[in-house]
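Colleague: Contents of input05.txt (compact mmCIF, N, CA and C atoms) are below:
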```
# COMPACT_ATOMS: atom_id res chain seq x y z
N MET A 1 107.05 92.46 82.72
CA MET A 1 106.49 93.72 82.29
C MET A 1 105.20 93.52 81.50
N LEU A 2 105.20 92.52 80.64
CA LEU A 2 103.99 92.29 79.84
C LEU A 2 102.84 91.81 80.73
N GLY A 3 103.16 91.01 81.73
CA GLY A 3 102.14 90.57 82.68
C GLY A 3 101.60 91.73 83.50
N ALA A 4 102.50 92.63 83.91
CA ALA A 4 102.08 93.81 84.65
C ALA A 4 101.20 94.71 83.79
N SER A 5 101.52 94.78 82.50
CA SER A 5 100.70 95.56 81.58
C SER A 5 99.29 95.00 81.49
N LEU A 6 99.19 93.69 81.44
CA LEU A 6 97.87 93.06 81.39
C LEU A 6 97.10 93.28 82.69
N ALA A 7 97.79 93.15 83.81
CA ALA A 7 97.14 93.39 85.10
C ALA A 7 96.66 94.84 85.21
N LEU A 8 97.47 95.77 84.72
CA LEU A 8 97.09 97.18 84.74
C LEU A 8 95.83 97.43 83.91
N PHE A 9 95.69 96.69 82.81
CA PHE A 9 94.48 96.84 82.01
C PHE A 9 93.24 96.50 82.84
N PHE A 10 93.28 95.38 83.54
CA PHE A 10 92.10 94.96 84.30
C PHE A 10 91.86 95.81 85.54
N ILE A 11 92.91 96.42 86.07
CA ILE A 11 92.76 97.24 87.27
C ILE A 11 92.34 98.66 86.94
N ARG A 12 92.89 99.23 85.87
CA ARG A 12 92.69 100.65 85.61
C ARG A 12 91.86 100.97 84.37
N VAL A 13 92.05 100.23 83.30
CA VAL A 13 91.41 100.58 82.04
C VAL A 13 90.03 99.93 81.90
N ALA A 14 89.93 98.65 82.19
CA ALA A 14 88.66 97.94 82.01
C ALA A 14 87.51 98.55 82.83
N PRO A 15 87.73 98.94 84.10
CA PRO A 15 86.62 99.58 84.82
C PRO A 15 86.13 100.87 84.15
N ALA A 16 87.07 101.62 83.57
CA ALA A 16 86.66 102.85 82.86
C ALA A 16 85.88 102.50 81.61
N ASN A 17 86.30 101.47 80.90
CA ASN A 17 85.56 101.02 79.72
C ASN A 17 84.13 100.62 80.09
N THR A 18 84.00 99.89 81.18
CA THR A 18 82.68 99.44 81.62
C THR A 18 81.80 100.62 82.01
N ALA A 19 82.38 101.59 82.70
CA ALA A 19 81.59 102.76 83.13
C ALA A 19 81.09 103.57 81.94
N THR A 20 81.89 103.68 80.90
CA THR A 20 81.48 104.50 79.76
C THR A 20 80.39 103.85 78.92
N GLN A 21 80.16 102.58 79.07
CA GLN A 21 79.12 101.90 78.29
C GLN A 21 77.72 102.35 78.68
N GLN A 22 77.54 102.90 79.87
CA GLN A 22 76.23 103.38 80.30
C GLN A 22 76.01 104.86 80.00
N TRP A 23 77.00 105.53 79.49
CA TRP A 23 76.88 106.96 79.22
C TRP A 23 76.10 107.21 77.94
N THR A 24 75.46 108.37 77.90
CA THR A 24 74.84 108.85 76.66
C THR A 24 75.46 110.20 76.33
N MET A 25 75.37 110.58 75.09
CA MET A 25 75.94 111.86 74.68
C MET A 25 75.19 113.04 75.29
N ARG A 26 73.92 112.85 75.56
CA ARG A 26 73.12 113.95 76.11
C ARG A 26 73.36 114.17 77.60
N THR A 27 73.71 113.10 78.29
CA THR A 27 73.85 113.22 79.75
C THR A 27 75.15 112.58 80.23
N PRO A 28 76.29 113.16 79.90
CA PRO A 28 77.53 112.61 80.45
C PRO A 28 77.58 112.88 81.96
N PRO A 29 78.11 111.97 82.72
CA PRO A 29 78.16 112.18 84.17
C PRO A 29 79.17 113.27 84.53
N PRO A 30 79.03 113.84 85.70
CA PRO A 30 79.94 114.92 86.10
C PRO A 30 81.40 114.45 86.20
N GLU A 31 81.62 113.20 86.50
CA GLU A 31 82.98 112.69 86.67
C GLU A 31 83.59 112.18 85.37
N CYS A 32 83.00 112.53 84.24
CA CYS A 32 83.47 111.98 82.96
C CYS A 32 84.90 112.38 82.64
N MET A 33 85.30 113.59 82.94
CA MET A 33 86.67 114.02 82.63
C MET A 33 87.69 113.32 83.51
N ALA A 34 87.36 113.09 84.77
CA ALA A 34 88.27 112.37 85.66
C ALA A 34 88.43 110.92 85.21
N LEU A 35 87.33 110.31 84.80
CA LEU A 35 87.39 108.93 84.32
C LEU A 35 88.16 108.85 83.01
N ARG A 36 87.98 109.83 82.16
CA ARG A 36 88.73 109.85 80.89
C ARG A 36 90.22 109.98 81.15
N ALA A 37 90.60 110.84 82.11
CA ALA A 37 92.01 111.00 82.45
C ALA A 37 92.58 109.70 83.00
N ARG A 38 91.80 109.00 83.83
CA ARG A 38 92.25 107.72 84.38
C ARG A 38 92.45 106.71 83.24
N TRP A 39 91.53 106.69 82.29
CA TRP A 39 91.60 105.77 81.14
C TRP A 39 92.85 106.06 80.31
N GLU A 40 93.09 107.36 80.03
CA GLU A 40 94.24 107.74 79.22
C GLU A 40 95.56 107.42 79.93
N LYS A 41 95.63 107.71 81.22
CA LYS A 41 96.85 107.41 81.97
C LYS A 41 97.09 105.91 82.04
N GLY A 42 96.02 105.14 82.17
CA GLY A 42 96.16 103.69 82.18
C GLY A 42 96.74 103.17 80.88
N HIS A 43 96.27 103.70 79.76
CA HIS A 43 96.81 103.29 78.47
C HIS A 43 98.26 103.73 78.30
N ALA A 44 98.60 104.92 78.77
CA ALA A 44 99.99 105.40 78.67
C ALA A 44 100.92 104.54 79.52
N MET A 45 100.48 104.18 80.71
CA MET A 45 101.29 103.33 81.57
C MET A 45 101.47 101.94 80.96
N ARG A 46 100.40 101.42 80.37
CA ARG A 46 100.49 100.11 79.71
C ARG A 46 101.46 100.16 78.53
N ALA A 47 101.43 101.24 77.78
CA ALA A 47 102.36 101.38 76.65
C ALA A 47 103.80 101.40 77.14
N GLY A 48 104.06 102.11 78.21
CA GLY A 48 105.41 102.14 78.79
C GLY A 48 105.86 100.77 79.24
N LEU A 49 104.99 100.03 79.91
CA LEU A 49 105.33 98.68 80.35
C LEU A 49 105.56 97.75 79.16
N ALA A 50 104.75 97.89 78.14
CA ALA A 50 104.92 97.05 76.95
C ALA A 50 106.24 97.35 76.26
N ILE A 51 106.63 98.61 76.20
CA ILE A 51 107.91 98.98 75.59
C ILE A 51 109.06 98.41 76.40
N LEU A 52 108.98 98.51 77.72
CA LEU A 52 110.02 97.94 78.57
C LEU A 52 110.09 96.42 78.42
N GLY A 53 108.93 95.78 78.34
CA GLY A 53 108.90 94.33 78.15
C GLY A 53 109.51 93.93 76.82
N LEU A 54 109.19 94.66 75.77
CA LEU A 54 109.76 94.36 74.46
C LEU A 54 111.27 94.59 74.47
N ALA A 55 111.71 95.66 75.10
CA ALA A 55 113.15 95.93 75.18
C ALA A 55 113.86 94.81 75.94
N GLY A 56 113.25 94.32 77.01
CA GLY A 56 113.83 93.20 77.75
C GLY A 56 113.93 91.95 76.91
N LEU A 57 112.90 91.66 76.15
CA LEU A 57 112.94 90.49 75.27
C LEU A 57 114.02 90.62 74.20
N ILE A 58 114.14 91.80 73.62
CA ILE A 58 115.16 92.01 72.59
C ILE A 58 116.55 91.89 73.19
N LEU A 59 116.77 92.50 74.34
CA LEU A 59 118.09 92.42 74.98
C LEU A 59 118.44 90.99 75.38
N SER A 60 117.46 90.25 75.85
CA SER A 60 117.75 88.87 76.22
C SER A 60 118.06 88.01 75.00
N ALA A 61 117.46 88.33 73.87
CA ALA A 61 117.74 87.58 72.64
C ALA A 61 119.11 87.92 72.09
N LEU A 62 119.58 89.14 72.31
CA LEU A 62 120.87 89.58 71.80
C LEU A 62 122.03 89.34 72.76
N ALA A 63 121.72 88.97 74.00
CA ALA A 63 122.77 88.77 75.00
C ALA A 63 123.64 87.56 74.61
N PRO A 64 124.95 87.68 74.82
CA PRO A 64 125.82 86.54 74.50
C PRO A 64 125.56 85.37 75.44
N THR A 65 125.65 84.20 74.90
CA THR A 65 125.49 82.97 75.69
C THR A 65 126.82 82.23 75.72
N LYS A 66 126.89 81.15 76.45
CA LYS A 66 128.13 80.36 76.52
C LYS A 66 128.52 79.84 75.14
N GLU A 67 127.54 79.49 74.33
CA GLU A 67 127.82 78.97 72.99
C GLU A 67 128.39 80.05 72.07
N THR A 68 127.96 81.29 72.25
CA THR A 68 128.40 82.34 71.34
C THR A 68 129.60 83.11 71.88
N SER A 69 129.96 82.91 73.14
CA SER A 69 131.07 83.69 73.70
C SER A 69 132.43 83.07 73.38
N GLY A 70 132.48 81.90 72.80
CA GLY A 70 133.72 81.28 72.39
C GLY A 70 134.44 80.51 73.46
N ARG A 71 133.81 80.17 74.53
CA ARG A 71 134.46 79.42 75.61
C ARG A 71 134.20 77.96 75.52
```
Written as structure tokens, that's how I'd like the structure from this file.

Modeller:
Amino acid sequence: MLGASLALFFIRVAPANTATQQWTMRTPPPECMALRARWEKGHAMRAGLAILGLAGLILSALAPTKETSGR
């Protein structure tokens, strides 16, 4: 999940970051709202993947092992 989150950054968020570096406040491009929505959705998806990855790590750390199961 954490790897997918990183890949999603380079596929969806980084291109939007690069595009906004050429913008000026006086002349925003017509597609600025669509690009902003793509940027925001990319960050929301990354947050979801990061939460799932963290939950997986926590669950794997708390899972019983042969040493702790008493066998």

Colleague: Can you tell me how far CA of Ala63 (chain A) sits from atom N of Met1 (chain A), in Å to one decimal?

Modeller: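 The value is 17.9 Å.
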
Colleague: Tell me, in Å to one decimal, how far CA of Glu40 (chain A) is from CA of Gly56 (chain A).

Modeller: 24.4 Å

Colleague: What parts of region 10-60 of chain A does DSSP call alpha helix (DSSP H)? I'd like the answer as a VMD selection string.

Modeller: chain A and resid 14 to 20 32 to 60

Colleague: Counting all atoms listed in the file, what is within 7 Å of Gly42 (chain A), bar same-chain residues fewer than 5 positions away, as a list in words?

Modeller: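 These residues fall inside the cut-off: Leu8, Phe9, Arg12, Val13, Ala37 and Ala47 of chain A.
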
Colleague: Just to confirm, what's the straight-line distance from atom N of Leu52 (chain A) to atom C of Arg36 (chain A) in Å (one decimal)?

Modeller: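 Value for the atom N of Leu52 (chain A)-atom C of Arg36 (chain A) distance: 22.3 Å.
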
Colleague: Smallest atom-to-atom distance to Ala19 (chain A): which of A:Ala44, A:Ala34, A:Leu6, A:Leu62, using only C-alpha atoms?

Modeller: A:Ala34
